[in-house]
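Data block below; observations after.
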Amino acid sequence: MHSLSDALEQTKKNTVAIGHFNVADLVMLKAVFAAGQELKVPVLVGVSEGEREFIGVRQIAALVRSLREEFDCAIFLNADHTHSIAKADAAAKAGFDAIVFDLSALPFEQNVRQTKEAVEILKSIDPALLVEGEIGDIGIGSEIHEEAPDLSKGLTSPSEAKQFVDSTRVDILAPAVGNMHGMLNSMVQGQRRKRLDISRIAEIKNAARVPLTLHGGSGTDDEDLRRAIAAGINIVHINTELRIAWRRGLEEGLAKQPHEIAPYKILPFAVESVSQVVRSRLRLFNGIR
Ligand SMILES: [Zn+2]
């Protein structure tokens, strides 16, 4: 039986990262699953609170479980950016493999206290569940932004990272290391890439000694991603790039068949478009040429 903990252990041994891809429908789930199968690497499916509300918490859990069982593959499910105990509780009870409990908007002390409580509650529901905590500011929303937010004041320090992990007992930490949710228009056009603070990642890893997640990976410089993984990043989140690919694929399917009304003839274009992005990101994260 595959477990996310085992898959994370493997990333440490092989200096690779697990690709985390957000899905909002069956099209995106099919695309992520197909890419993972093709490259024979683990994939982590993410659903934010909004995405979960659309698909259904128990429904996405059943879909991912059915793929894992039928194909005996390493596909896992993460409750991305969960802001309340109630929503975390629902995901834990539905059988999610991991939960990002995100109170990073609160002052540090409050974030520590409430995340610690959440870890205790969630582990009592499912001891195998992995809980990720977040400190620092990486902006909000996997959308296309007009202007870059100033996130320089919200970078995570190694000492804060250590204190947070030691006090809360989270399994995984999401630091702010130059990453940002969403993409700027110039990044969508390919004129600009996100850059990461690699030495900060290495220092945080050294201090916190837990698996690290890089949120907001869309539009990041490829070489920076490779160096971030070498410095200790174990999971990389990609969402905005997939949303763009989903829309472009859907538009292509509609434009190529203006009179078609069968969804299963239109939607494969979106599956292929999203899958291409997932494949290229998985190759990079897993060092596959
Ligand atoms: Zn995120």
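Residues in the structure tokens are named by chain (A, B, ... in the order shown) and by number from 1 within that chain; ligands are numbered from 1 in the order shown.
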Region 244-253 of chain A surroundings by only C-alpha atoms, 9 Å radius, close-in-sequence under 5 positions cut, as a PyMOL selection string: chain A and resi 27-28+188+239+258+265-277
Produce a file of the selected residues containing all heavy atoms, as a CSV table (one decimal), in the first residue's frame.
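What ended up in result_25.csv:
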```csv
chain,number,residue,atom,x,y,z
A,27,VAL,N,-11.6,16.7,-15.1
A,27,VAL,CA,-10.7,16.9,-16.2
A,27,VAL,C,-9.3,17.1,-15.6
A,27,VAL,O,-8.3,16.4,-16.1
A,27,VAL,CB,-11.1,18.2,-16.9
A,27,VAL,CG1,-9.9,18.7,-17.8
A,27,VAL,CG2,-12.3,18.0,-17.8
A,28,MET,N,-9.1,17.9,-14.6
A,28,MET,CA,-7.8,18.2,-14.0
A,28,MET,C,-7.3,16.9,-13.3
A,28,MET,O,-6.1,16.6,-13.3
A,28,MET,CB,-7.9,19.4,-13.1
A,28,MET,CG,-8.3,20.6,-13.8
A,28,MET,SD,-8.4,22.1,-12.8
A,28,MET,CE,-6.8,22.7,-12.9
A,188,VAL,N,2.8,35.2,-17.1
A,188,VAL,CA,2.0,34.4,-18.0
A,188,VAL,C,2.5,34.6,-19.4
A,188,VAL,O,2.5,33.6,-20.2
A,188,VAL,CB,0.5,34.8,-17.9
A,188,VAL,CG1,-0.4,34.0,-18.9
A,188,VAL,CG2,0.0,34.6,-16.5
A,239,ASN,N,-0.5,25.5,-9.3
A,239,ASN,CA,-1.9,25.6,-9.5
A,239,ASN,C,-2.2,26.6,-10.7
A,239,ASN,O,-2.8,26.1,-11.7
A,239,ASN,CB,-2.6,26.2,-8.2
A,239,ASN,CG,-4.1,26.1,-8.3
A,239,ASN,OD1,-4.7,25.8,-9.3
A,239,ASN,ND2,-4.8,26.4,-7.2
A,258,PRO,N,-17.0,23.5,-33.4
A,258,PRO,CA,-18.0,24.5,-33.0
A,258,PRO,C,-19.4,24.0,-32.9
A,258,PRO,O,-20.3,24.6,-32.2
A,258,PRO,CB,-17.9,25.5,-34.2
A,258,PRO,CG,-17.2,24.9,-35.2
A,258,PRO,CD,-16.3,23.8,-34.6
A,265,LYS,N,-16.2,14.7,-25.9
A,265,LYS,CA,-15.5,14.9,-27.1
A,265,LYS,C,-14.8,16.3,-27.0
A,265,LYS,O,-13.8,16.6,-27.7
A,265,LYS,CB,-16.4,14.9,-28.3
A,265,LYS,CG,-16.8,13.5,-28.6
A,265,LYS,CD,-17.7,13.3,-29.8
A,265,LYS,CE,-18.1,11.9,-30.0
A,265,LYS,NZ,-19.2,11.8,-31.1
A,266,ILE,N,-15.3,17.2,-26.2
A,266,ILE,CA,-14.7,18.5,-26.0
A,266,ILE,C,-13.6,18.5,-24.9
A,266,ILE,O,-12.5,19.0,-25.1
A,266,ILE,CB,-15.8,19.5,-25.7
A,266,ILE,CG1,-16.8,19.6,-26.8
A,266,ILE,CG2,-15.2,20.9,-25.4
A,266,ILE,CD1,-18.1,20.3,-26.4
A,267,LEU,N,-13.9,17.9,-23.8
A,267,LEU,CA,-13.1,18.0,-22.6
A,267,LEU,C,-11.7,17.3,-22.7
A,267,LEU,O,-10.8,17.7,-22.1
A,267,LEU,CB,-13.8,17.5,-21.4
A,267,LEU,CG,-15.0,18.3,-21.0
A,267,LEU,CD1,-15.8,17.7,-19.8
A,267,LEU,CD2,-14.6,19.7,-20.6
A,268,PRO,N,-11.5,16.3,-23.6
A,268,PRO,CA,-10.2,15.7,-23.7
A,268,PRO,C,-9.1,16.7,-24.1
A,268,PRO,O,-8.0,16.6,-23.8
A,268,PRO,CB,-10.4,14.6,-24.8
A,268,PRO,CG,-11.8,14.2,-24.6
A,268,PRO,CD,-12.5,15.4,-24.3
A,269,PHE,N,-9.5,17.8,-24.8
A,269,PHE,CA,-8.5,18.8,-25.2
A,269,PHE,C,-8.0,19.5,-23.9
A,269,PHE,O,-6.8,19.8,-23.8
A,269,PHE,CB,-9.2,19.9,-26.1
A,269,PHE,CG,-9.4,19.4,-27.5
A,269,PHE,CD1,-10.5,18.7,-27.8
A,269,PHE,CD2,-8.5,19.6,-28.5
A,269,PHE,CE1,-10.7,18.2,-29.1
A,269,PHE,CE2,-8.6,19.2,-29.8
A,269,PHE,CZ,-9.8,18.4,-30.1
A,270,ALA,N,-8.9,19.7,-22.9
A,270,ALA,CA,-8.5,20.3,-21.7
A,270,ALA,C,-7.6,19.4,-20.9
A,270,ALA,O,-6.6,19.7,-20.3
A,270,ALA,CB,-9.7,20.7,-20.9
A,271,VAL,N,-8.0,18.1,-20.9
A,271,VAL,CA,-7.2,17.1,-20.2
A,271,VAL,C,-5.8,17.1,-20.7
A,271,VAL,O,-4.8,17.1,-20.0
A,271,VAL,CB,-7.8,15.6,-20.3
A,271,VAL,CG1,-6.9,14.6,-19.7
A,271,VAL,CG2,-9.2,15.5,-19.7
A,272,GLU,N,-5.7,17.0,-22.1
A,272,GLU,CA,-4.3,17.0,-22.7
A,272,GLU,C,-3.5,18.3,-22.4
A,272,GLU,O,-2.3,18.2,-22.1
A,272,GLU,CB,-4.4,16.7,-24.2
A,272,GLU,CG,-3.1,16.6,-24.9
A,272,GLU,CD,-2.1,15.7,-24.3
A,272,GLU,OE1,-2.5,14.7,-23.6
A,272,GLU,OE2,-0.9,16.0,-24.4
A,273,SER,N,-4.2,19.4,-22.4
A,273,SER,CA,-3.5,20.7,-22.2
A,273,SER,C,-3.0,20.7,-20.8
A,273,SER,O,-1.8,21.1,-20.5
A,273,SER,CB,-4.5,21.8,-22.5
A,273,SER,OG,-4.0,23.0,-22.1
A,274,VAL,N,-3.8,20.3,-19.8
A,274,VAL,CA,-3.3,20.3,-18.4
A,274,VAL,C,-2.3,19.3,-18.2
A,274,VAL,O,-1.2,19.5,-17.5
A,274,VAL,CB,-4.5,20.1,-17.4
A,274,VAL,CG1,-4.1,19.9,-16.0
A,274,VAL,CG2,-5.6,21.2,-17.5
A,275,SER,N,-2.4,18.1,-18.8
A,275,SER,CA,-1.5,17.0,-18.6
A,275,SER,C,-0.1,17.4,-19.1
A,275,SER,O,0.9,17.0,-18.5
A,275,SER,CB,-2.0,15.8,-19.3
A,275,SER,OG,-1.4,14.6,-18.7
A,276,GLN,N,-0.1,18.1,-20.2
A,276,GLN,CA,1.3,18.6,-20.7
A,276,GLN,C,2.0,19.4,-19.7
A,276,GLN,O,3.2,19.2,-19.5
A,276,GLN,CB,1.0,19.5,-21.9
A,276,GLN,CG,1.1,18.7,-23.2
A,276,GLN,CD,0.9,19.7,-24.4
A,276,GLN,OE1,1.2,20.9,-24.3
A,276,GLN,NE2,0.3,19.2,-25.5
A,277,VAL,N,1.3,20.3,-19.0
A,277,VAL,CA,2.0,21.1,-18.0
A,277,VAL,C,2.4,20.2,-16.8
A,277,VAL,O,3.6,20.3,-16.3
A,277,VAL,CB,1.0,22.2,-17.4
A,277,VAL,CG1,1.7,23.0,-16.3
A,277,VAL,CG2,0.6,23.1,-18.6
```
Contacts with ligand 1 at most 7 Å, only C-alpha atoms and all ligand atoms counted, listed as a count of residues only: 6
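Within region 20-149 of chain A, the backbone-based DSSP assignment of strand (DSSP E) covers His20, Phe21, Asn22, Val43, Leu44, Val45, Gly46, Val47, Ile75, Phe76, Leu77, Asn78, Ala79, Asp80, His81, Thr82, Ala98, Ile99, Val100, Phe101, Leu130, Val131, Glu132, Gly133, Glu134, Ile144 and His145 of chain A.
Separating CA of His20 (chain A) from CA of Thr168 (chain A) is a distance of 23.2 Å.
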Picked from region 171-274 of chain A by DSSP as helix (DSSP H, G or I), as number ranges by chain: A: 185-188, 198-208, 222-231, 240-256, 263-274
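Near Asp171 (chain A), within 9 Å and counting only C-alpha atoms, sit Leu130, Val131, Glu132, Gly133, Val165, Arg169, Leu173, Val210 and Pro211 of chain A; same-chain residues fewer than 2 positions away were not included.
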Sort by chain and increasing residue number a table of all residues of region 173-280 of chain A within 12 Å of region 7-10 of chain A, each with its closest pair of atoms and their distance in Å to one decimal, counting only C-alpha atoms, and write it as a Markdown table.
```
| residue | atom | partner | partner_atom | distance |
| --- | --- | --- | --- | --- |
| A:Val210 | CA | A:Leu8 | CA | 10.3 |
| A:Pro211 | CA | A:Leu8 | CA | 7.5 |
| A:Leu212 | CA | A:Leu8 | CA | 10.0 |
| A:Thr213 | CA | A:Leu8 | CA | 10.9 |
| A:Gly232 | CA | A:Leu8 | CA | 11.6 |
| A:Ile233 | CA | A:Leu8 | CA | 10.5 |
| A:Asn234 | CA | A:Leu8 | CA | 6.9 |
| A:Ile235 | CA | A:Leu8 | CA | 8.3 |
| A:Val236 | CA | A:Leu8 | CA | 11.9 |
```
Save the residues we just selected, all heavy atoms, as a PDB file, in the first residue's frame?
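The resulting selection-v4.pdb:
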```
ATOM      1  N   VAL A 210      12.392  19.185   8.876  1.00  0.00           N
ATOM      2  CA  VAL A 210      11.175  18.475   8.451  1.00  0.00           C
ATOM      3  C   VAL A 210      11.040  18.677   6.940  1.00  0.00           C
ATOM      4  O   VAL A 210      11.697  19.560   6.379  1.00  0.00           O
ATOM      5  CB  VAL A 210       9.895  19.029   9.145  1.00  0.00           C
ATOM      6  CG1 VAL A 210       9.848  18.637  10.606  1.00  0.00           C
ATOM      7  CG2 VAL A 210       9.751  20.529   8.949  1.00  0.00           C
ATOM      8  N   PRO A 211      10.176  17.874   6.293  1.00  0.00           N
ATOM      9  CA  PRO A 211       9.932  18.127   4.873  1.00  0.00           C
ATOM     10  C   PRO A 211       9.385  19.546   4.662  1.00  0.00           C
ATOM     11  O   PRO A 211       8.617  20.038   5.478  1.00  0.00           O
ATOM     12  CB  PRO A 211       8.874  17.081   4.504  1.00  0.00           C
ATOM     13  CG  PRO A 211       9.073  15.976   5.493  1.00  0.00           C
ATOM     14  CD  PRO A 211       9.493  16.667   6.761  1.00  0.00           C
ATOM     15  N   LEU A 212       9.827  20.180   3.583  1.00  0.00           N
ATOM     16  CA  LEU A 212       9.393  21.540   3.273  1.00  0.00           C
ATOM     17  C   LEU A 212       8.584  21.555   1.984  1.00  0.00           C
ATOM     18  O   LEU A 212       8.904  20.841   1.032  1.00  0.00           O
ATOM     19  CB  LEU A 212      10.600  22.466   3.080  1.00  0.00           C
ATOM     20  CG  LEU A 212      11.575  22.650   4.245  1.00  0.00           C
ATOM     21  CD1 LEU A 212      12.700  23.604   3.822  1.00  0.00           C
ATOM     22  CD2 LEU A 212      10.849  23.186   5.480  1.00  0.00           C
ATOM     23  N   THR A 213       7.537  22.388   1.977  1.00  0.00           N
ATOM     24  CA  THR A 213       6.710  22.569   0.780  1.00  0.00           C
ATOM     25  C   THR A 213       6.938  23.953   0.200  1.00  0.00           C
ATOM     26  O   THR A 213       6.965  24.940   0.937  1.00  0.00           O
ATOM     27  CB  THR A 213       5.220  22.430   1.137  1.00  0.00           C
ATOM     28  OG1 THR A 213       4.983  21.113   1.626  1.00  0.00           O
ATOM     29  CG2 THR A 213       4.332  22.651  -0.079  1.00  0.00           C
ATOM     30  N   GLY A 232      16.460  21.429  -0.153  1.00  0.00           N
ATOM     31  CA  GLY A 232      15.605  20.826   0.869  1.00  0.00           C
ATOM     32  C   GLY A 232      14.101  20.924   0.676  1.00  0.00           C
ATOM     33  O   GLY A 232      13.338  20.555   1.571  1.00  0.00           O
ATOM     34  N   ILE A 233      13.641  21.407  -0.482  1.00  0.00           N
ATOM     35  CA  ILE A 233      12.197  21.414  -0.760  1.00  0.00           C
ATOM     36  C   ILE A 233      11.772  19.995  -1.171  1.00  0.00           C
ATOM     37  O   ILE A 233      12.404  19.380  -2.031  1.00  0.00           O
ATOM     38  CB  ILE A 233      11.852  22.417  -1.892  1.00  0.00           C
ATOM     39  CG1 ILE A 233      12.070  23.871  -1.425  1.00  0.00           C
ATOM     40  CG2 ILE A 233      10.429  22.202  -2.413  1.00  0.00           C
ATOM     41  CD1 ILE A 233      11.083  24.386  -0.398  1.00  0.00           C
ATOM     42  N   ASN A 234      10.689  19.481  -0.550  1.00  0.00           N
ATOM     43  CA  ASN A 234      10.231  18.108  -0.826  1.00  0.00           C
ATOM     44  C   ASN A 234       8.930  18.039  -1.612  1.00  0.00           C
ATOM     45  O   ASN A 234       8.589  16.991  -2.169  1.00  0.00           O
ATOM     46  CB  ASN A 234      10.038  17.346   0.483  1.00  0.00           C
ATOM     47  CG  ASN A 234      11.274  17.368   1.344  1.00  0.00           C
ATOM     48  OD1 ASN A 234      11.510  18.329   2.068  1.00  0.00           O
ATOM     49  ND2 ASN A 234      12.105  16.343   1.257  1.00  0.00           N
ATOM     50  N   ILE A 235       8.151  19.133  -1.576  1.00  0.00           N
ATOM     51  CA  ILE A 235       6.869  19.177  -2.301  1.00  0.00           C
ATOM     52  C   ILE A 235       6.799  20.534  -3.004  1.00  0.00           C
ATOM     53  O   ILE A 235       7.132  21.553  -2.392  1.00  0.00           O
ATOM     54  CB  ILE A 235       5.662  19.065  -1.331  1.00  0.00           C
ATOM     55  CG1 ILE A 235       5.688  17.737  -0.546  1.00  0.00           C
ATOM     56  CG2 ILE A 235       4.333  19.214  -2.079  1.00  0.00           C
ATOM     57  CD1 ILE A 235       4.651  17.665   0.582  1.00  0.00           C
ATOM     58  N   VAL A 236       6.389  20.548  -4.286  1.00  0.00           N
ATOM     59  CA  VAL A 236       6.207  21.824  -4.982  1.00  0.00           C
ATOM     60  C   VAL A 236       4.765  21.925  -5.476  1.00  0.00           C
ATOM     61  O   VAL A 236       4.257  21.017  -6.136  1.00  0.00           O
ATOM     62  CB  VAL A 236       7.171  21.970  -6.189  1.00  0.00           C
ATOM     63  CG1 VAL A 236       6.967  23.334  -6.848  1.00  0.00           C
ATOM     64  CG2 VAL A 236       8.624  21.800  -5.770  1.00  0.00           C
TER      65      VAL A 236
END
```
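Taking CA of Ala74 (chain A) and CA of Ala17 (chain A) as the two end points, the separation is 13.6 Å.
Each of A:Leu63, A:Gly178, A:Gln110, A:Ile125 was checked against Lys93 (chain A) using only C-alpha atoms; the smallest atom-to-atom distance is that of A:Ile125.
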